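Pasting structure-v8.cif here (mmCIF, C-alpha atoms):
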```cif
data_model
loop_
_atom_site.label_atom_id
_atom_site.label_comp_id
_atom_site.auth_asym_id
_atom_site.auth_seq_id
_atom_site.Cartn_x
_atom_site.Cartn_y
_atom_site.Cartn_z
CA MET A 7 103.90 136.44 97.19
CA SER A 8 101.67 135.92 100.22
CA PRO A 9 102.13 132.77 102.30
CA PRO A 10 99.78 129.93 101.41
CA ARG A 11 96.76 129.39 103.60
CA PRO A 12 94.43 126.40 103.88
CA GLY A 13 91.48 126.72 101.55
CA GLU A 14 93.34 128.93 99.08
CA LYS A 15 92.30 128.04 95.55
CA LEU A 16 94.81 127.47 92.80
CA PRO A 17 94.16 128.92 89.35
CA SER A 18 92.28 126.35 87.28
CA ILE A 19 93.98 125.17 84.13
CA PRO A 20 92.87 123.38 80.96
CA LEU A 21 94.29 119.87 80.71
CA GLY A 22 93.40 119.62 77.04
CA THR A 23 91.68 116.98 74.98
CA PHE A 24 92.74 113.35 75.33
CA ASP A 25 92.18 112.26 71.77
CA ALA A 26 93.27 108.97 70.24
CA ALA A 27 96.40 110.52 68.72
CA ALA A 28 97.55 111.91 72.07
CA ILE A 29 96.86 108.57 73.74
CA ALA A 30 98.86 106.76 71.06
CA ARG A 31 101.80 109.14 71.50
CA TYR A 32 101.75 108.60 75.25
CA ALA A 33 101.61 104.83 74.77
CA GLN A 34 104.75 105.02 72.65
CA ALA A 35 106.56 107.33 75.07
CA SER A 36 105.65 105.44 78.22
CA GLY A 37 105.76 101.91 76.89
CA ASP A 38 102.22 101.26 78.15
CA VAL A 39 100.57 99.66 75.13
CA ASN A 40 97.73 98.07 77.06
CA PRO A 41 94.94 97.50 74.48
CA VAL A 42 92.48 99.24 76.78
CA HIS A 43 94.17 102.48 75.68
CA LEU A 44 94.70 101.70 72.01
CA ASP A 45 91.96 99.35 70.85
CA ALA A 46 88.35 100.45 71.19
CA ALA A 47 87.09 96.91 70.60
CA ALA A 48 89.27 95.54 73.40
CA ALA A 49 88.08 98.27 75.73
CA ARG A 50 84.45 97.58 74.88
CA ALA A 51 84.97 93.87 75.44
CA ILE A 52 85.51 94.50 79.14
CA GLY A 53 82.62 96.93 79.46
CA LEU A 54 84.15 100.34 78.78
CA SER A 55 82.51 102.74 76.33
CA ASP A 56 85.66 103.32 74.28
CA GLN A 57 89.45 103.23 74.49
CA ILE A 58 90.56 105.28 77.48
CA ALA A 59 93.38 107.68 78.24
CA HIS A 60 96.20 106.45 80.46
CA GLY A 61 95.70 107.57 84.04
CA MET A 62 99.37 108.54 83.99
CA LEU A 63 98.80 110.84 81.03
CA VAL A 64 96.10 112.69 82.96
CA MET A 65 98.26 112.67 86.11
CA GLY A 66 101.17 114.12 84.20
CA ARG A 67 99.12 116.99 82.83
CA LEU A 68 97.55 117.57 86.26
CA SER A 69 101.00 117.81 87.85
CA ARG A 70 101.44 121.21 86.17
CA LEU A 71 99.05 122.68 88.72
CA ALA A 72 101.45 121.82 91.54
CA LEU A 73 104.67 122.44 89.65
CA GLU A 74 103.71 125.89 88.42
CA TRP A 75 102.02 127.11 91.60
CA ARG A 76 105.06 128.48 93.48
CA ALA A 77 108.46 129.06 91.93
CA GLY A 78 111.19 127.05 93.61
CA ALA A 79 108.86 124.64 95.39
CA VAL A 80 110.05 121.03 95.45
CA LEU A 81 107.60 118.20 94.83
CA GLU A 82 108.09 115.59 97.56
CA ALA A 83 105.10 113.36 96.89
CA PHE A 84 102.33 113.07 94.34
CA GLU A 85 99.47 110.61 94.27
CA CYS A 86 96.26 110.21 92.29
CA ARG A 87 93.21 108.02 92.23
CA PHE A 88 91.66 107.47 88.85
CA THR A 89 88.00 107.59 89.81
CA ARG A 90 86.39 107.15 86.41
CA PRO A 91 87.53 106.26 82.90
CA VAL A 92 88.55 109.04 80.52
CA PRO A 93 87.31 107.92 77.09
CA ALA A 94 89.20 109.05 74.01
CA GLY A 95 88.07 112.53 73.00
CA SER A 96 87.46 113.74 76.55
CA THR A 97 88.45 117.27 77.49
CA LEU A 98 89.45 117.87 81.11
CA SER A 99 90.31 120.78 83.32
CA GLY A 100 92.38 120.86 86.49
CA GLU A 101 91.66 122.63 89.74
CA GLY A 102 93.15 122.60 93.21
CA ARG A 103 93.26 124.12 96.64
CA VAL A 104 95.59 124.23 99.60
CA ALA A 105 94.56 121.50 102.03
CA LYS A 106 97.22 121.91 104.71
CA VAL A 107 100.16 124.13 105.58
CA ASP A 108 102.72 122.73 107.98
CA GLY A 109 105.79 124.91 108.30
CA GLY A 110 107.50 124.83 104.93
CA ARG A 111 105.36 122.00 103.59
CA VAL A 112 102.09 122.41 101.76
CA ILE A 113 99.60 119.73 100.77
CA LEU A 114 97.51 120.48 97.70
CA ARG A 115 94.32 118.66 96.77
CA LEU A 116 93.93 118.45 93.00
CA LEU A 117 91.04 117.41 90.77
CA ALA A 118 90.62 116.73 87.08
CA ARG A 119 87.06 117.19 85.83
CA ASP A 120 85.46 116.45 82.50
CA ASP A 121 83.21 118.83 80.57
CA ALA A 122 80.18 117.63 82.53
CA GLY A 123 81.91 118.44 85.82
CA ALA A 124 82.45 114.81 86.78
CA ILE A 125 85.66 114.08 88.69
CA ALA A 126 87.98 111.81 86.72
CA VAL A 127 91.07 112.07 88.91
CA MET A 128 91.59 113.04 92.55
CA GLY A 129 95.14 113.92 93.51
CA GLU A 130 97.31 115.11 96.34
CA ALA A 131 100.68 116.81 96.01
CA THR A 132 103.12 117.54 98.82
CA LEU A 133 105.42 120.49 98.19
CA ARG A 134 108.34 121.87 100.17
CA LEU A 135 108.48 125.61 99.75
CA PRO A 136 111.78 127.43 99.28
CA GLY A 137 113.35 129.27 102.18
CA MET B 16 112.58 114.74 84.58
CA PRO B 17 108.79 115.01 84.82
CA PRO B 18 107.41 113.72 88.13
CA THR B 19 105.49 110.93 86.44
CA PHE B 20 108.52 109.73 84.45
CA PRO B 21 109.29 106.79 86.80
CA ILE B 22 106.20 105.02 85.45
CA ARG B 23 108.39 104.35 82.40
CA PHE B 24 110.42 101.92 84.51
CA PHE B 25 107.39 99.62 84.92
CA PHE B 26 107.62 98.85 81.21
CA HIS B 27 111.27 97.79 81.19
CA PRO B 28 111.33 94.24 79.76
CA ALA B 29 112.79 92.72 82.93
CA ILE B 30 110.12 94.32 85.10
CA ARG B 31 107.37 93.36 82.67
CA ALA B 32 108.58 89.78 82.91
CA ALA B 33 108.47 89.96 86.69
CA LEU B 34 104.89 91.23 86.51
CA ALA B 35 103.65 88.56 84.11
CA ALA B 36 101.84 86.78 86.93
CA PHE B 37 99.51 89.79 87.16
CA LEU B 38 98.45 89.51 83.55
CA PRO B 39 96.47 86.31 83.08
CA ALA B 40 96.26 85.22 79.47
CA ASP B 41 92.46 84.98 79.40
CA GLY B 42 91.52 88.25 77.72
CA SER B 43 91.34 90.22 80.93
CA LEU B 44 93.15 93.54 81.02
CA PRO B 45 94.92 95.46 83.77
CA ILE B 46 93.35 98.77 84.76
CA HIS B 47 95.38 101.35 86.65
CA ILE B 48 93.22 102.83 89.42
CA GLY B 49 95.76 104.62 91.59
CA GLN B 50 99.35 105.83 91.68
CA ARG B 51 101.68 107.18 94.35
CA PHE B 52 105.14 108.68 94.01
CA ARG B 53 107.55 109.68 96.76
CA TYR B 54 110.57 111.68 95.64
CA HIS B 55 113.88 111.91 97.50
CA ARG B 56 115.47 113.96 94.74
CA PRO B 57 114.87 114.72 91.07
CA ILE B 58 115.96 112.22 88.44
CA VAL B 59 118.75 113.66 86.32
CA VAL B 60 119.03 113.06 82.59
CA GLY B 61 121.79 110.57 81.80
CA GLU B 62 122.11 108.89 85.17
CA THR B 63 121.88 105.13 85.69
CA LEU B 64 119.32 103.89 88.20
CA THR B 65 118.38 100.55 89.70
CA CYS B 66 114.79 99.43 90.35
CA ASN B 67 113.70 96.83 92.85
CA VAL B 68 110.17 95.60 92.19
CA SER B 69 107.83 94.08 94.72
CA THR B 70 104.26 92.95 94.26
CA MET B 71 101.27 92.18 96.41
CA PRO B 72 98.42 90.42 94.63
CA ALA B 73 94.81 91.28 95.26
CA ASP B 74 93.17 89.36 98.08
CA GLN B 75 89.96 89.37 100.06
CA THR B 76 90.95 92.48 102.00
CA ARG B 77 92.27 94.47 99.07
CA PRO B 78 90.59 94.00 95.69
CA PHE B 79 93.51 95.40 93.73
CA ALA B 80 97.12 94.41 93.24
CA LEU B 81 99.96 96.63 94.39
CA ILE B 82 103.18 96.98 92.44
CA ARG B 83 106.00 98.92 94.04
CA LEU B 84 109.25 100.14 92.54
CA ASP B 85 112.08 101.33 94.75
CA VAL B 86 114.48 103.34 92.64
CA SER B 87 118.05 103.97 93.76
CA ASP B 88 121.17 105.45 92.24
CA GLY B 89 124.70 104.14 91.79
CA THR B 90 125.59 104.87 95.41
CA GLY B 91 122.57 102.94 96.67
CA ALA B 92 120.81 106.12 97.77
CA ALA B 93 117.04 106.16 97.36
CA VAL B 94 115.79 108.32 94.50
CA CYS B 95 112.06 107.65 94.53
CA GLN B 96 109.34 105.10 95.17
CA ALA B 97 106.44 104.43 92.83
CA GLU B 98 103.43 102.38 93.85
CA SER B 99 100.67 101.39 91.44
CA GLU B 100 97.22 100.00 92.20
CA ILE B 101 95.98 97.65 89.49
CA VAL B 102 92.73 95.79 89.01
CA ILE B 103 92.34 93.02 86.49
CA ALA B 104 89.28 93.81 84.38
CA GLN B 105 87.26 91.01 82.85
CA PRO B 106 84.17 91.23 80.63
CA GLY B 107 81.46 93.02 82.60
CA PHE B 108 83.99 95.14 84.46
CA SER B 109 82.44 98.16 86.17
CA TRP B 110 84.61 101.10 87.15
CA ASP B 111 82.07 101.99 89.84
CA ARG B 112 82.49 98.70 91.68
CA PRO B 113 83.48 99.37 95.31
CA ARG B 114 87.18 98.83 95.87
#
```
Could you express the structure from this file as structure tokens?
Amino acid sequence: MSPPRPGEKLPSIPLGTFDAAAIARYAQASGDVNPVHLDAAAARAIGLSDQIAHGMLVMGRLSRLALEWRAGAVLEAFECRFTRPVPAGSTLSGEGRVAKVDGGRVILRLLARDDAGAIAVMGEATLRLPG
Amino acid sequence: MPPTFPIRFFFHPAIRAALAAFLPADGSLPIHIGQRFRYHRPIVVGETLTCNVSTMPADQTRPFALIRLDVSDGTGAAVCQAESEIVIAQPGFSWDRPR
């Protein structure tokens, strides 16, 4: 496999649909039962259009981009900003590129976009490459 | 374990109790707007870990609260850090508000 270079694009991946059932399963698994994720009326009461997916659910699915990019790479840091709500029923895709290569470390910039192309999550992953 | 697994620790009853001050009982809801993890090593299934929680409430210079977990193992060695950015949303909340 060729060495990574800044600007290199990662293969885009589907992140799937964040429907109410998936959100409910994640709430149970994570312990995050905030009504904003589970109760459409509660979400609307604060001005959202509907119940929303957990940012951590999106972040978890987006992490696959970094984890599956290079075999043997070790994830040293991972951060995301949740830039817009992901209402129940949204379908997202993930994309990324190499932002920086510094010796054996690589910084990836990651994005999750909705069907309209709007950015829902902006992320950065720091990987240490094997060898 | 998955890299986002440490978020599970935020919902341990003892940590939830420590965070109660961030959750005013007036109908407002916490909204997670950012998350950072730093990993020193992977978390292994079956091990026992300790979390130290620290908080910084929102103020005039930073319109969101920060909650940080420092996770260590039985030897005291650091395993990971997790830092969450939280805003408290009240009726009329706008996600697009500058922050």
Name the residues that the PyMOL selection byres ((chain B and resi 78) around 10) picks from the file above, as JSON, numbers by chain, using the file's chain letters and numbers. {"B": [72, 73, 74, 75, 76, 77, 79, 80, 81, 100, 101, 102, 103, 113, 114]}
Tell me which residues the PyMOL selection byres ((chain B) within 10 of (chain A)) grabs here, as a PDB file with C-alpha atoms, keeping the file's coordinate frame.
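Produced file expr.pdb, reproduced below:
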```pdb
ATOM      1  CA  PRO B  17     108.790 115.010  84.820  1.00  0.00           C
ATOM      2  CA  PRO B  18     107.410 113.720  88.130  1.00  0.00           C
ATOM      3  CA  THR B  19     105.490 110.930  86.440  1.00  0.00           C
ATOM      4  CA  PHE B  20     108.520 109.730  84.450  1.00  0.00           C
ATOM      5  CA  PRO B  21     109.290 106.790  86.800  1.00  0.00           C
ATOM      6  CA  ILE B  22     106.200 105.020  85.450  1.00  0.00           C
ATOM      7  CA  ARG B  23     108.390 104.350  82.400  1.00  0.00           C
ATOM      8  CA  PHE B  24     110.420 101.920  84.510  1.00  0.00           C
ATOM      9  CA  PHE B  25     107.390  99.620  84.920  1.00  0.00           C
ATOM     10  CA  PHE B  26     107.620  98.850  81.210  1.00  0.00           C
ATOM     11  CA  HIS B  27     111.270  97.790  81.190  1.00  0.00           C
ATOM     12  CA  PRO B  28     111.330  94.240  79.760  1.00  0.00           C
ATOM     13  CA  GLY B  42      91.520  88.250  77.720  1.00  0.00           C
ATOM     14  CA  SER B  43      91.340  90.220  80.930  1.00  0.00           C
ATOM     15  CA  LEU B  44      93.150  93.540  81.020  1.00  0.00           C
ATOM     16  CA  PRO B  45      94.920  95.460  83.770  1.00  0.00           C
ATOM     17  CA  ILE B  46      93.350  98.770  84.760  1.00  0.00           C
ATOM     18  CA  HIS B  47      95.380 101.350  86.650  1.00  0.00           C
ATOM     19  CA  ILE B  48      93.220 102.830  89.420  1.00  0.00           C
ATOM     20  CA  GLY B  49      95.760 104.620  91.590  1.00  0.00           C
ATOM     21  CA  GLN B  50      99.350 105.830  91.680  1.00  0.00           C
ATOM     22  CA  ARG B  51     101.680 107.180  94.350  1.00  0.00           C
ATOM     23  CA  PHE B  52     105.140 108.680  94.010  1.00  0.00           C
ATOM     24  CA  ARG B  53     107.550 109.680  96.760  1.00  0.00           C
ATOM     25  CA  TYR B  54     110.570 111.680  95.640  1.00  0.00           C
ATOM     26  CA  HIS B  55     113.880 111.910  97.500  1.00  0.00           C
ATOM     27  CA  ARG B  56     115.470 113.960  94.740  1.00  0.00           C
ATOM     28  CA  PRO B  57     114.870 114.720  91.070  1.00  0.00           C
ATOM     29  CA  CYS B  95     112.060 107.650  94.530  1.00  0.00           C
ATOM     30  CA  GLN B  96     109.340 105.100  95.170  1.00  0.00           C
ATOM     31  CA  ALA B  97     106.440 104.430  92.830  1.00  0.00           C
ATOM     32  CA  GLU B  98     103.430 102.380  93.850  1.00  0.00           C
ATOM     33  CA  SER B  99     100.670 101.390  91.440  1.00  0.00           C
ATOM     34  CA  GLU B 100      97.220 100.000  92.200  1.00  0.00           C
ATOM     35  CA  ALA B 104      89.280  93.810  84.380  1.00  0.00           C
ATOM     36  CA  GLN B 105      87.260  91.010  82.850  1.00  0.00           C
ATOM     37  CA  PRO B 106      84.170  91.230  80.630  1.00  0.00           C
ATOM     38  CA  GLY B 107      81.460  93.020  82.600  1.00  0.00           C
ATOM     39  CA  PHE B 108      83.990  95.140  84.460  1.00  0.00           C
ATOM     40  CA  SER B 109      82.440  98.160  86.170  1.00  0.00           C
ATOM     41  CA  TRP B 110      84.610 101.100  87.150  1.00  0.00           C
ATOM     42  CA  ASP B 111      82.070 101.990  89.840  1.00  0.00           C
TER      43      ASP B 111
END
```
Run the PyMOL selection byres ((chain A and resi 111-117) around 6) against the file shown and list the residues it catches, as an MDAnalysis selection string. chainID A and resid 100:110 118 127:134
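Pairwise distance (CA of Ile30 (chain B), CA of Val94 (chain B)) equals 17.8 Å.
If you measure from each of B:Ala35, B:Met16, B:Ile82, B:Thr90 to Thr65 (chain B) using only C-alpha atoms, the closest one turns out to be B:Thr90.
Reported to one decimal place, the separation of CA of Gly95 (chain A) from CA of Leu16 (chain A) is 25.7 Å.
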Neighbouring residues of Gly22 (chain A) were defined as those with any atom within 7 Å, considering only C-alpha atoms; residues of the same chain fewer than 2 positions away were excluded. Please report them as a ChimeraX atom specification. /A:20,24,97-98
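The two atoms in question, CA of Val64 (chain A) and CA of Pro136 (chain A), are spaced 27.0 Å apart.
Shortest atom-to-atom contact with Pro93 (chain A) among A:Ala30, A:Ala59, A:Ala77, A:Ile125: A:Ala59, counting all atoms listed in the file.
When all atoms listed in the file are used to measure the gap to Asp88 (chain B), the shortest distance among B:Thr70, B:Leu34, B:Glu62, B:Ala29 belongs to B:Glu62.
With only C-alpha atoms as the basis for measurement, A:Asp25 is the residue among A:Asp25, A:Glu74, A:Glu14, A:Asp45 that approaches Val92 (chain A) most closely.
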For a cutoff of 6 Å around the file-coordinate point (114.7, 98.4, 94.8), which residues qualify once you count all atoms listed in the file? I'd like the result as a PDB file with C-alpha atoms, in the frame of the given file.
```
ATOM      1  CA  CYS B  66     114.790  99.430  90.350  1.00  0.00           C
ATOM      2  CA  ASN B  67     113.700  96.830  92.850  1.00  0.00           C
ATOM      3  CA  VAL B  68     110.170  95.600  92.190  1.00  0.00           C
ATOM      4  CA  ASP B  85     112.080 101.330  94.750  1.00  0.00           C
ATOM      5  CA  VAL B  86     114.480 103.340  92.640  1.00  0.00           C
TER       6      VAL B  86
END
```
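The smallest atom-to-atom distance between Ala33 (chain B) and any of B:Leu64, B:Ile58, B:Ala92, B:Leu84, using all atoms listed in the file, is found for B:Leu84.
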